[in-house]
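Enquirer: If it helps, the file is called upload_16.pdb and holds PDB, C-alpha atoms:
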```
ATOM      1  CA  GLN A1449       0.000   0.000   0.000  1.00  0.00           C
ATOM      2  CA  ALA A1450       2.823   2.416   0.855  1.00  0.00           C
ATOM      3  CA  ALA A1451       4.531   1.700  -2.470  1.00  0.00           C
ATOM      4  CA  TYR A1452       1.343   2.406  -4.420  1.00  0.00           C
ATOM      5  CA  GLN A1453       0.690   5.522  -2.311  1.00  0.00           C
ATOM      6  CA  SER A1454       4.121   6.909  -3.170  1.00  0.00           C
ATOM      7  CA  VAL A1455       3.250   6.763  -6.874  1.00  0.00           C
ATOM      8  CA  ILE A1456      -0.158   8.365  -6.279  1.00  0.00           C
ATOM      9  CA  ASP A1457       1.439  11.169  -4.262  1.00  0.00           C
ATOM     10  CA  THR A1458       4.266  11.743  -6.730  1.00  0.00           C
ATOM     11  CA  TYR A1459       1.939  12.215  -9.696  1.00  0.00           C
ATOM     12  CA  GLN A1460      -1.116  13.465  -7.759  1.00  0.00           C
ATOM     13  CA  LEU A1461      -3.201  10.703  -9.311  1.00  0.00           C
ATOM     14  CA  THR A1462      -6.976  10.514  -9.113  1.00  0.00           C
ATOM     15  CA  HIS A1463      -7.321   7.331 -11.244  1.00  0.00           C
ATOM     16  CA  ILE A1464      -5.171   4.198 -11.203  1.00  0.00           C
ATOM     17  CA  ASP A1465      -5.417   1.032 -13.261  1.00  0.00           C
ATOM     18  CA  PHE A1466      -4.132  -2.430 -12.341  1.00  0.00           C
ATOM     19  CA  ASP A1467      -3.210  -4.576 -15.345  1.00  0.00           C
ATOM     20  CA  ILE A1468      -3.228  -8.161 -14.027  1.00  0.00           C
ATOM     21  CA  GLU A1469      -2.419 -10.879 -16.514  1.00  0.00           C
ATOM     22  CA  GLY A1470      -0.181 -13.841 -17.220  1.00  0.00           C
ATOM     23  CA  SER A1471       0.631 -16.067 -14.261  1.00  0.00           C
ATOM     24  CA  TRP A1472      -0.210 -13.275 -11.798  1.00  0.00           C
ATOM     25  CA  VAL A1473      -3.939 -13.381 -12.525  1.00  0.00           C
ATOM     26  CA  ALA A1474      -3.901 -16.988 -11.285  1.00  0.00           C
ATOM     27  CA  LEU A1475      -2.058 -16.322  -8.005  1.00  0.00           C
ATOM     28  CA  PRO A1476      -4.669 -15.905  -5.225  1.00  0.00           C
ATOM     29  CA  PRO A1477      -2.235 -14.717  -2.482  1.00  0.00           C
ATOM     30  CA  SER A1478      -1.045 -11.793  -4.621  1.00  0.00           C
ATOM     31  CA  ILE A1479      -4.635 -10.951  -5.593  1.00  0.00           C
ATOM     32  CA  GLN A1480      -5.621 -10.889  -1.923  1.00  0.00           C
ATOM     33  CA  ARG A1481      -2.688  -8.651  -0.944  1.00  0.00           C
ATOM     34  CA  ARG A1482      -3.422  -6.277  -3.792  1.00  0.00           C
ATOM     35  CA  SER A1483      -7.119  -6.023  -2.905  1.00  0.00           C
ATOM     36  CA  GLU A1484      -6.287  -5.221   0.715  1.00  0.00           C
ATOM     37  CA  ALA A1485      -3.777  -2.582  -0.388  1.00  0.00           C
ATOM     38  CA  ILE A1486      -6.225  -0.969  -2.821  1.00  0.00           C
ATOM     39  CA  ALA A1487      -8.952  -0.843  -0.180  1.00  0.00           C
ATOM     40  CA  GLY A1488      -6.441   0.894   2.085  1.00  0.00           C
ATOM     41  CA  LEU A1489      -5.559   3.384  -0.649  1.00  0.00           C
ATOM     42  CA  GLN A1490      -9.194   4.323  -1.156  1.00  0.00           C
ATOM     43  CA  ALA A1491      -9.776   4.666   2.590  1.00  0.00           C
ATOM     44  CA  ALA A1492      -6.745   6.966   2.825  1.00  0.00           C
ATOM     45  CA  ALA A1493      -8.018   9.029  -0.091  1.00  0.00           C
ATOM     46  CA  VAL A1494     -11.433   9.445   1.525  1.00  0.00           C
ATOM     47  CA  ALA A1495      -9.827  10.390   4.836  1.00  0.00           C
ATOM     48  CA  SER A1496      -7.870  13.154   3.096  1.00  0.00           C
ATOM     49  CA  GLY A1497     -10.922  14.409   1.203  1.00  0.00           C
ATOM     50  CA  ASN A1498      -9.867  13.021  -2.161  1.00  0.00           C
ATOM     51  CA  ALA A1499     -11.297  10.487  -4.595  1.00  0.00           C
ATOM     52  CA  LEU A1500      -9.406   7.549  -6.073  1.00  0.00           C
ATOM     53  CA  ASP A1501     -10.956   5.739  -9.036  1.00  0.00           C
ATOM     54  CA  ILE A1502      -9.852   2.120  -9.483  1.00  0.00           C
ATOM     55  CA  TRP A1503      -9.883   0.224 -12.781  1.00  0.00           C
ATOM     56  CA  TYR A1504      -8.766  -3.333 -13.451  1.00  0.00           C
ATOM     57  CA  THR A1505      -7.379  -4.361 -16.833  1.00  0.00           C
ATOM     58  CA  LEU A1506      -7.932  -8.086 -17.346  1.00  0.00           C
ATOM     59  CA  PRO A1507      -7.645 -10.665 -20.141  1.00  0.00           C
ATOM     60  CA  VAL A1508     -10.883 -11.826 -21.699  1.00  0.00           C
ATOM     61  CA  LEU A1509     -12.459 -14.222 -24.178  1.00  0.00           C
ATOM     62  CA  PRO A1510     -15.631 -13.646 -26.200  1.00  0.00           C
ATOM     63  CA  THR A1511     -17.353 -15.604 -23.425  1.00  0.00           C
ATOM     64  CA  GLY A1512     -16.123 -13.062 -20.859  1.00  0.00           C
ATOM     65  CA  LEU A1513     -13.598 -13.023 -18.051  1.00  0.00           C
ATOM     66  CA  THR A1514     -11.797 -16.246 -17.216  1.00  0.00           C
ATOM     67  CA  PRO A1515     -12.434 -17.759 -13.762  1.00  0.00           C
ATOM     68  CA  ASP A1516      -9.171 -16.158 -12.624  1.00  0.00           C
ATOM     69  CA  GLY A1517     -10.367 -12.755 -13.775  1.00  0.00           C
ATOM     70  CA  ILE A1518     -13.656 -13.208 -11.953  1.00  0.00           C
ATOM     71  CA  ASN A1519     -11.665 -14.030  -8.807  1.00  0.00           C
ATOM     72  CA  VAL A1520      -9.863 -10.668  -9.117  1.00  0.00           C
ATOM     73  CA  VAL A1521     -13.165  -8.795  -9.225  1.00  0.00           C
ATOM     74  CA  GLN A1522     -14.664 -10.900  -6.424  1.00  0.00           C
ATOM     75  CA  SER A1523     -11.622 -10.262  -4.233  1.00  0.00           C
ATOM     76  CA  ALA A1524     -12.002  -6.511  -4.765  1.00  0.00           C
ATOM     77  CA  ILE A1525     -15.684  -6.663  -3.819  1.00  0.00           C
ATOM     78  CA  THR A1526     -14.946  -8.764  -0.736  1.00  0.00           C
ATOM     79  CA  GLU A1527     -12.326  -6.303   0.499  1.00  0.00           C
ATOM     80  CA  GLY A1528     -14.633  -3.334  -0.022  1.00  0.00           C
ATOM     81  CA  VAL A1529     -12.869  -1.822  -3.035  1.00  0.00           C
ATOM     82  CA  SER A1530     -15.126   0.600  -4.896  1.00  0.00           C
ATOM     83  CA  SER A1531     -14.180  -0.295  -8.456  1.00  0.00           C
ATOM     84  CA  SER A1532     -14.917   2.104 -11.297  1.00  0.00           C
ATOM     85  CA  GLY A1533     -14.778  -0.708 -13.811  1.00  0.00           C
ATOM     86  CA  VAL A1534     -13.054  -3.512 -15.653  1.00  0.00           C
ATOM     87  CA  ASN A1535     -11.135  -2.806 -18.835  1.00  0.00           C
ATOM     88  CA  ILE A1536     -10.941  -5.971 -20.935  1.00  0.00           C
ATOM     89  CA  MET A1537      -8.176  -6.612 -23.452  1.00  0.00           C
ATOM     90  CA  THR A1538     -10.164  -7.868 -26.441  1.00  0.00           C
ATOM     91  CA  ILE A1539      -7.126  -9.373 -28.131  1.00  0.00           C
ATOM     92  CA  ASP A1540      -5.265 -12.646 -28.709  1.00  0.00           C
ATOM     93  CA  TYR A1541      -8.188 -15.011 -28.085  1.00  0.00           C
ATOM     94  CA  GLY A1542      -6.686 -17.960 -29.930  1.00  0.00           C
ATOM     95  CA  PRO A1543      -8.333 -20.218 -32.529  1.00  0.00           C
ATOM     96  CA  PHE A1544     -10.318 -22.268 -30.005  1.00  0.00           C
ATOM     97  CA  ALA A1545     -12.052 -19.266 -28.418  1.00  0.00           C
ATOM     98  CA  ALA A1546     -12.375 -17.235 -31.620  1.00  0.00           C
ATOM     99  CA  PRO A1547     -12.468 -19.443 -34.717  1.00  0.00           C
ATOM    100  CA  ASN A1548     -12.340 -17.800 -38.148  1.00  0.00           C
ATOM    101  CA  PRO A1549     -11.548 -14.326 -36.784  1.00  0.00           C
ATOM    102  CA  ALA A1550     -11.231 -12.630 -40.203  1.00  0.00           C
ATOM    103  CA  GLY A1551     -13.720  -9.776 -40.295  1.00  0.00           C
ATOM    104  CA  GLN A1552     -15.095 -10.731 -36.884  1.00  0.00           C
ATOM    105  CA  MET A1553     -12.769  -9.000 -34.428  1.00  0.00           C
ATOM    106  CA  GLY A1554     -15.253  -6.193 -33.871  1.00  0.00           C
ATOM    107  CA  SER A1555     -18.034  -8.705 -33.235  1.00  0.00           C
ATOM    108  CA  TYR A1556     -15.817 -10.677 -30.854  1.00  0.00           C
ATOM    109  CA  ALA A1557     -15.013  -7.481 -28.910  1.00  0.00           C
ATOM    110  CA  ILE A1558     -18.722  -6.721 -28.590  1.00  0.00           C
ATOM    111  CA  GLN A1559     -19.423 -10.310 -27.481  1.00  0.00           C
ATOM    112  CA  ALA A1560     -16.692 -10.016 -24.832  1.00  0.00           C
ATOM    113  CA  ALA A1561     -18.098  -6.714 -23.555  1.00  0.00           C
ATOM    114  CA  THR A1562     -21.635  -8.124 -23.381  1.00  0.00           C
ATOM    115  CA  SER A1563     -20.345 -11.192 -21.536  1.00  0.00           C
ATOM    116  CA  LEU A1564     -18.506  -8.948 -19.079  1.00  0.00           C
ATOM    117  CA  PHE A1565     -21.696  -6.939 -18.516  1.00  0.00           C
ATOM    118  CA  ASN A1566     -23.570 -10.137 -17.634  1.00  0.00           C
ATOM    119  CA  GLN A1567     -20.763 -11.349 -15.354  1.00  0.00           C
ATOM    120  CA  LEU A1568     -20.545  -8.058 -13.458  1.00  0.00           C
ATOM    121  CA  THR A1569     -24.322  -7.920 -13.091  1.00  0.00           C
ATOM    122  CA  ALA A1570     -24.334 -11.396 -11.569  1.00  0.00           C
ATOM    123  CA  LEU A1571     -21.271 -10.794  -9.356  1.00  0.00           C
ATOM    124  CA  TYR A1572     -22.611  -7.635  -7.768  1.00  0.00           C
ATOM    125  CA  ALA A1573     -26.069  -9.141  -7.286  1.00  0.00           C
ATOM    126  CA  GLN A1574     -24.549 -12.201  -5.594  1.00  0.00           C
ATOM    127  CA  ASN A1575     -22.764  -9.883  -3.186  1.00  0.00           C
ATOM    128  CA  GLY A1576     -25.896  -7.907  -2.384  1.00  0.00           C
ATOM    129  CA  LEU A1577     -24.761  -4.894  -4.397  1.00  0.00           C
ATOM    130  CA  VAL A1578     -27.445  -4.566  -7.037  1.00  0.00           C
ATOM    131  CA  LYS A1579     -26.598  -2.036  -9.736  1.00  0.00           C
ATOM    132  CA  SER A1580     -28.685  -0.729 -12.624  1.00  0.00           C
ATOM    133  CA  SER A1581     -27.898  -1.687 -16.203  1.00  0.00           C
ATOM    134  CA  GLU A1582     -26.609   1.830 -16.809  1.00  0.00           C
ATOM    135  CA  GLU A1583     -24.253   1.569 -13.851  1.00  0.00           C
ATOM    136  CA  ILE A1584     -22.903  -1.800 -15.007  1.00  0.00           C
ATOM    137  CA  TRP A1585     -22.357  -0.628 -18.597  1.00  0.00           C
ATOM    138  CA  ALA A1586     -20.448   2.351 -17.192  1.00  0.00           C
ATOM    139  CA  MET A1587     -18.110  -0.180 -15.555  1.00  0.00           C
ATOM    140  CA  VAL A1588     -17.274  -1.814 -18.898  1.00  0.00           C
ATOM    141  CA  GLY A1589     -14.010  -0.857 -20.587  1.00  0.00           C
ATOM    142  CA  LEU A1590     -12.799  -2.051 -23.997  1.00  0.00           C
ATOM    143  CA  THR A1591      -9.232  -2.138 -25.321  1.00  0.00           C
ATOM    144  CA  PRO A1592      -8.769  -3.918 -28.667  1.00  0.00           C
ATOM    145  CA  MET A1593      -5.361  -4.328 -30.318  1.00  0.00           C
ATOM    146  CA  ILE A1594      -5.480  -2.474 -33.616  1.00  0.00           C
ATOM    147  CA  GLY A1595      -4.204  -4.108 -36.768  1.00  0.00           C
ATOM    148  CA  GLN A1596      -2.340  -7.394 -36.561  1.00  0.00           C
ATOM    149  CA  ASN A1597      -2.696  -9.068 -33.172  1.00  0.00           C
ATOM    150  CA  ASP A1598      -0.102 -11.422 -31.720  1.00  0.00           C
ATOM    151  CA  VAL A1599      -2.263 -14.356 -32.836  1.00  0.00           C
ATOM    152  CA  LEU A1600      -1.921 -14.880 -36.580  1.00  0.00           C
ATOM    153  CA  GLY A1601      -5.223 -14.278 -38.363  1.00  0.00           C
ATOM    154  CA  GLU A1602      -6.633 -11.973 -35.681  1.00  0.00           C
ATOM    155  CA  ILE A1603      -6.631  -8.580 -37.401  1.00  0.00           C
ATOM    156  CA  PHE A1604      -8.595  -5.630 -36.011  1.00  0.00           C
ATOM    157  CA  LEU A1605      -9.525  -3.413 -38.966  1.00  0.00           C
ATOM    158  CA  PRO A1606     -10.876   0.155 -39.156  1.00  0.00           C
ATOM    159  CA  SER A1607     -14.279  -1.374 -39.965  1.00  0.00           C
ATOM    160  CA  ASP A1608     -14.083  -3.283 -36.662  1.00  0.00           C
ATOM    161  CA  ALA A1609     -13.253  -0.025 -34.870  1.00  0.00           C
ATOM    162  CA  THR A1610     -16.302   1.659 -36.402  1.00  0.00           C
ATOM    163  CA  GLN A1611     -18.485  -1.242 -35.244  1.00  0.00           C
ATOM    164  CA  VAL A1612     -17.067  -1.151 -31.709  1.00  0.00           C
ATOM    165  CA  LEU A1613     -17.457   2.643 -31.492  1.00  0.00           C
ATOM    166  CA  ALA A1614     -21.144   2.423 -32.394  1.00  0.00           C
ATOM    167  CA  PHE A1615     -21.654  -0.227 -29.707  1.00  0.00           C
ATOM    168  CA  ALA A1616     -19.695   1.735 -27.092  1.00  0.00           C
ATOM    169  CA  ARG A1617     -21.726   4.884 -27.694  1.00  0.00           C
ATOM    170  CA  GLU A1618     -25.044   3.036 -27.763  1.00  0.00           C
ATOM    171  CA  GLN A1619     -24.410   1.258 -24.452  1.00  0.00           C
ATOM    172  CA  LYS A1620     -22.559   4.232 -22.925  1.00  0.00           C
ATOM    173  CA  ILE A1621     -19.688   2.095 -21.698  1.00  0.00           C
ATOM    174  CA  GLY A1622     -17.239   3.734 -19.322  1.00  0.00           C
ATOM    175  CA  PHE A1623     -13.981   3.336 -21.175  1.00  0.00           C
ATOM    176  CA  LEU A1624     -12.770   2.865 -24.765  1.00  0.00           C
ATOM    177  CA  SER A1625      -9.145   2.693 -25.839  1.00  0.00           C
ATOM    178  CA  PHE A1626      -6.829   0.633 -28.038  1.00  0.00           C
ATOM    179  CA  TRP A1627      -3.358  -0.887 -27.995  1.00  0.00           C
ATOM    180  CA  SER A1628      -1.561   1.259 -28.828  1.00  0.00           C
ATOM    181  CA  ALA A1629      -1.081   4.878 -29.938  1.00  0.00           C
ATOM    182  CA  THR A1630       2.440   4.132 -31.178  1.00  0.00           C
ATOM    183  CA  ARG A1631       1.006   1.481 -33.511  1.00  0.00           C
ATOM    184  CA  ASP A1632      -1.615   3.697 -35.166  1.00  0.00           C
ATOM    185  CA  LEU A1633       0.183   3.988 -38.488  1.00  0.00           C
ATOM    186  CA  GLN A1634       1.158   1.811 -41.417  1.00  0.00           C
ATOM    187  CA  CYS A1635       4.364  -0.227 -41.343  1.00  0.00           C
ATOM    188  CA  PRO A1636       7.086   0.830 -43.819  1.00  0.00           C
ATOM    189  CA  GLU A1637       6.637  -2.480 -45.638  1.00  0.00           C
ATOM    190  CA  GLY A1638       2.858  -2.158 -45.658  1.00  0.00           C
ATOM    191  CA  VAL A1639       1.128  -5.377 -44.607  1.00  0.00           C
ATOM    192  CA  SER A1640       2.849  -7.491 -41.965  1.00  0.00           C
ATOM    193  CA  THR A1641       1.800 -10.851 -40.531  1.00  0.00           C
ATOM    194  CA  SER A1642       3.579 -10.280 -37.210  1.00  0.00           C
ATOM    195  CA  ALA A1643       2.672  -7.774 -34.503  1.00  0.00           C
ATOM    196  CA  SER A1644       4.950  -4.755 -34.170  1.00  0.00           C
ATOM    197  CA  ALA A1645       5.289  -2.214 -31.363  1.00  0.00           C
ATOM    198  CA  THR A1646       5.640   0.661 -33.837  1.00  0.00           C
ATOM    199  CA  CYS A1647       3.020   0.020 -36.541  1.00  0.00           C
ATOM    200  CA  SER A1648      -0.271  -1.789 -37.111  1.00  0.00           C
ATOM    201  CA  GLY A1649       0.674  -4.277 -39.828  1.00  0.00           C
ATOM    202  CA  ILE A1650      -2.264  -3.254 -42.060  1.00  0.00           C
ATOM    203  CA  LEU A1651      -2.776  -0.656 -44.779  1.00  0.00           C
ATOM    204  CA  GLN A1652      -4.060   2.508 -43.089  1.00  0.00           C
ATOM    205  CA  SER A1653      -3.659   6.256 -42.874  1.00  0.00           C
ATOM    206  CA  PRO A1654      -1.703   7.744 -39.939  1.00  0.00           C
ATOM    207  CA  PHE A1655      -3.796   7.810 -36.732  1.00  0.00           C
ATOM    208  CA  GLU A1656      -6.802   6.357 -38.545  1.00  0.00           C
ATOM    209  CA  PHE A1657      -7.986   4.437 -35.472  1.00  0.00           C
ATOM    210  CA  THR A1658      -7.561   7.534 -33.306  1.00  0.00           C
ATOM    211  CA  GLN A1659      -9.841   9.477 -35.624  1.00  0.00           C
ATOM    212  CA  ILE A1660     -12.428   6.672 -35.634  1.00  0.00           C
ATOM    213  CA  PHE A1661     -12.564   6.478 -31.833  1.00  0.00           C
ATOM    214  CA  LEU A1662     -12.418  10.249 -31.317  1.00  0.00           C
ATOM    215  CA  PRO A1663     -16.222  10.766 -31.280  1.00  0.00           C
ATOM    216  CA  PHE A1664     -16.431   8.617 -28.139  1.00  0.00           C
ATOM    217  CA  SER A1665     -14.870  11.539 -26.263  1.00  0.00           C
ATOM    218  CA  ASN A1666     -17.419  14.053 -27.556  1.00  0.00           C
ATOM    219  CA  VAL A1667     -19.918  13.686 -24.713  1.00  0.00           C
ATOM    220  CA  ASP A1668     -23.408  15.146 -24.746  1.00  0.00           C
ATOM    221  CA  TRP A1669     -24.059  18.470 -23.030  1.00  0.00           C
ATOM    222  CA  THR A1670     -24.867  18.005 -19.351  1.00  0.00           C
ATOM    223  CA  ASP A1671     -26.939  20.611 -17.535  1.00  0.00           C
ATOM    224  CA  LEU A1672     -25.569  20.924 -14.006  1.00  0.00           C
ATOM    225  CA  GLY A1673     -28.341  23.271 -12.918  1.00  0.00           C
ATOM    226  CA  GLN A1674     -26.569  26.509 -13.803  1.00  0.00           C
ATOM    227  CA  ALA A1675     -26.476  26.330 -17.613  1.00  0.00           C
ATOM    228  CA  LEU A1676     -29.277  27.975 -19.545  1.00  0.00           C
ATOM    229  CA  ALA A1677     -30.515  26.833 -22.914  1.00  0.00           C
ATOM    230  CA  GLY A1678     -29.972  29.388 -25.646  1.00  0.00           C
ATOM    231  CA  ALA A1679     -32.599  30.835 -27.895  1.00  0.00           C
ATOM    232  CA  HIS A1680     -31.968  28.138 -30.495  1.00  0.00           C
ATOM    233  CA  GLY A1681     -31.973  25.003 -28.335  1.00  0.00           C
ATOM    234  CA  GLN A1682     -29.658  23.031 -26.066  1.00  0.00           C
ATOM    235  CA  PRO A1683     -26.025  24.160 -25.942  1.00  0.00           C
ATOM    236  CA  THR A1684     -23.462  21.857 -27.566  1.00  0.00           C
ATOM    237  CA  LEU A1685     -19.700  21.657 -27.132  1.00  0.00           C
ATOM    238  CA  VAL A1686     -17.813  20.019 -30.000  1.00  0.00           C
ATOM    239  CA  ALA A1687     -14.078  19.358 -30.316  1.00  0.00           C
ATOM    240  CA  ASN A1688     -12.323  18.839 -33.648  1.00  0.00           C
ATOM    241  CA  GLY A1689      -8.678  17.915 -34.084  1.00  0.00           C
ATOM    242  CA  THR A1690      -6.170  15.813 -32.204  1.00  0.00           C
ATOM    243  CA  LEU A1691      -4.393  16.305 -28.878  1.00  0.00           C
ATOM    244  CA  MET A1692      -0.912  16.099 -30.355  1.00  0.00           C
ATOM    245  CA  ASN A1693       2.021  18.455 -30.576  1.00  0.00           C
ATOM    246  CA  ASN A1694       1.646  21.055 -33.340  1.00  0.00           C
ATOM    247  CA  SER A1695      -1.803  19.769 -34.299  1.00  0.00           C
ATOM    248  CA  PRO A1696      -4.766  22.174 -34.263  1.00  0.00           C
ATOM    249  CA  LEU A1697      -7.572  21.513 -31.790  1.00  0.00           C
ATOM    250  CA  VAL A1698     -10.730  23.618 -32.039  1.00  0.00           C
ATOM    251  CA  MET A1699     -13.478  23.544 -29.423  1.00  0.00           C
ATOM    252  CA  SER A1700     -16.754  25.149 -30.472  1.00  0.00           C
ATOM    253  CA  LEU A1701     -19.585  26.102 -28.084  1.00  0.00           C
ATOM    254  CA  SER A1702     -22.870  26.850 -29.786  1.00  0.00           C
ATOM    255  CA  LYS A1703     -26.458  27.728 -28.780  1.00  0.00           C
ATOM    256  CA  ALA A1704     -25.362  28.904 -25.330  1.00  0.00           C
ATOM    257  CA  ALA A1705     -27.327  31.632 -23.598  1.00  0.00           C
TER     258      ALA A1705
END
```
Would you mind writing the file's structure down as structure tokens?
Expert:
Amino acid sequence: QAAYQSVIDTYQLTHIDFDIEGSWVALPPSIQRRSEAIAGLQAAAVASGNALDIWYTLPVLPTGLTPDGINVVQSAITEGVSSSGVNIMTIDYGPFAAPNPAGQMGSYAIQAATSLFNQLTALYAQNGLVKSSEEIWAMVGLTPMIGQNDVLGEIFLPSDATQVLAFAREQKIGFLSFWSATRDLQCPEGVSTSASATCSGILQSPFEFTQIFLPFSNVDWTDLGQALAGAHGQPTLVANGTLMNNSPLVMSLSKAA
């Protein structure tokens, strides 16, 4: 707990994410220690008048979290951790879990998210913590691996990204990202059948996936009780551009009183 707290204090963090995978997701003693530490972190934050949002990043199949992943979430609930959500890595399923993945990676990501929704609904109900559908969907996070995945044949295309974006906005999930920003461009050789840390392995324009997912960040106007509708309807705030060095970003507020 002290080690985690030192990082939180150094960077003045309000959100932290725990990526638990590989052999560690199957090690109950470490899961228990981590849950106790996280509960302590949140209690310390509350005592100091601060908030600390907790996310878990976990491996997933189209059928949802593995039993080990469910144990991570259950441990957090048992120890009283107030989790903001679970971010699932919708990647590298393997041929048994995701046969014939060509053109289906978007569908598989949506299946995984829906399975996670059902698992979280059941988990919280079993622990006497009933949440609404809206609250559970807000706890769902999605992180696909763009382009060529580590598993040969699993290729996440821009068309898959468009499909996932539509689903994410419709269900109002809490988190949408991708692995990774450094890969959101075409490889020098064009198409590649192996995953690279510096390019996607497919034919694409630079930052094409970033542009596809960008609308997810353009949230609807929220009236907090002090905003007044203008003469021409509800106010809207729209951002256009990218948050990158030397790139223009324009934010436009319209219809405001």
Enquirer: Work out how far apart CA of Leu1685 (chain A) and CA of Leu1624 (chain A) are and give it in Å to one decimal.
Expert: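 We find that CA of Leu1685 (chain A) and CA of Leu1624 (chain A) lie 20.2 Å from each other.
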Enquirer: Taking the file as I've supplied it (selection: the PyMOL selection byres ((chain A and resi 1462-1479) around 10)), which residues are included? Please answer as JSON, numbers by chain.
Expert: {"A": [1452, 1455, 1456, 1457, 1459, 1460, 1461, 1480, 1481, 1482, 1483, 1484, 1485, 1486, 1493, 1498, 1499, 1500, 1501, 1502, 1503, 1504, 1505, 1506, 1507, 1508, 1514, 1515, 1516, 1517, 1518, 1519, 1520, 1521, 1523, 1524, 1532, 1533, 1534, 1535, 1536, 1537]}
Enquirer: Would you kindly return, as a ChimeraX atom specification, each protein, DNA or RNA residue with an atom no farther than 7 Å from any atom of Glu1602 (chain A), considering only C-alpha atoms and excluding same-chain residues fewer than 6 positions away?
Expert: /A:1549-1550,1553,1596
Enquirer: May I have the residues at most 7 Å from (-7.5, -1.8, -30.7) in the file's coordinates, counting only C-alpha atoms, as an mmCIF file with C-alpha atoms, in the coordinates of the input?
Expert:
```
data_model
loop_
_atom_site.group_PDB
_atom_site.id
_atom_site.type_symbol
_atom_site.label_atom_id
_atom_site.label_comp_id
_atom_site.auth_asym_id
_atom_site.auth_seq_id
_atom_site.Cartn_x
_atom_site.Cartn_y
_atom_site.Cartn_z
ATOM 1 C CA THR A 1591 -9.232 -2.138 -25.321
ATOM 2 C CA PRO A 1592 -8.769 -3.918 -28.667
ATOM 3 C CA MET A 1593 -5.361 -4.328 -30.318
ATOM 4 C CA ILE A 1594 -5.480 -2.474 -33.616
ATOM 5 C CA PHE A 1604 -8.595 -5.630 -36.011
ATOM 6 C CA SER A 1625 -9.145 2.693 -25.839
ATOM 7 C CA PHE A 1626 -6.829 0.633 -28.038
ATOM 8 C CA TRP A 1627 -3.358 -0.887 -27.995
ATOM 9 C CA SER A 1628 -1.561 1.259 -28.828
#
```
Enquirer: Mind giving me the straight-line distance from CA of Gly1542 (chain A) to CA of Gln1567 (chain A) in Å, one decimal?
Expert: 21.3 Å
Enquirer: If we count all atoms listed in the file, what is near Ser1640 (chain A) at a cut-off of 12 Å, once residues fewer than 6 positions away on the same chain are taken out, given as an MDAnalysis selection string?
Expert: chainID A and resid 1595:1598 1600:1601 1603 1634 1646:1651
Enquirer: In Å, with one decimal, what is the gap from CA of Thr1526 (chain A) to CA of Ala1616 (chain A)?
Expert: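 We find that CA of Thr1526 (chain A) and CA of Ala1616 (chain A) lie 28.8 Å from each other.
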Enquirer: The PyMOL selection byres ((chain A and resi 1509) around 8) - which residues does that actually catch in the file I just gave you? List them as a list in words.
Expert: Pro1507, Val1508, Pro1510, Thr1511, Gly1512, Leu1513, Thr1514, Thr1538, Tyr1541, Ala1545 and Ala1560 of chain A
Enquirer: Near Lys1620 (chain A), counting all atoms listed in the file, which residues have an atom at most 8 Å away, once you skip same-chain residues fewer than 6 positions from it, shown as number ranges by chain?
Expert: A: 1582, 1585-1586
Enquirer: Got a sec to resolve the PyMOL selection byres ((chain A and resi 1575) around 12) on this structure and send the residues as a PyMOL selection string?
Expert: chain A and resi 1521-1528+1568-1574+1576-1579
Enquirer: Grab all the atoms of region 1488-1496 of chain A that the file lists, wrap them in a box along x, y and z, add 3 Å per side, and give me centre plus edge lengths in Å (one decimal) as AutoDock Vina command-line options.
Expert:
```
--center_x -8.5 --center_y 7.0 --center_z 1.8 --size_x 11.9 --size_y 18.3 --size_z 12.0
```
Enquirer: Using all atoms listed in the file, pick whichever of A:Gln1559, A:Gln1449, A:Gln1490, A:Thr1610 has the shortest atom-to-atom distance to Phe1664 (chain A).
Expert: A:Thr1610
Enquirer: Which residue gives the smallest distance to Tyr1556 (chain A) among A:Cys1635, A:Met1587, A:Val1612, A:Asn1693, with all atoms listed in the file counted?
Expert: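 Of A:Cys1635, A:Met1587, A:Val1612, A:Asn1693, the one nearest Tyr1556 (chain A), counting all atoms listed in the file, is A:Val1612.
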Enquirer: I'd like to know which of A:Ser1702, A:Ser1607, A:Thr1684, A:Thr1641 is closest to Glu1656 (chain A), using only C-alpha atoms.
Expert: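 Among the listed residues, A:Ser1607 lies closest to Glu1656 (chain A).
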Enquirer: I need the residue nearest Ser1653 (chain A) from this list: A:Met1699, A:Ala1614, A:Ala1546, A:Leu1633. Use all atoms listed in the file for the distance.
Expert: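 Between A:Met1699, A:Ala1614, A:Ala1546, A:Leu1633, the residue approaching Ser1653 (chain A) most closely is A:Leu1633.
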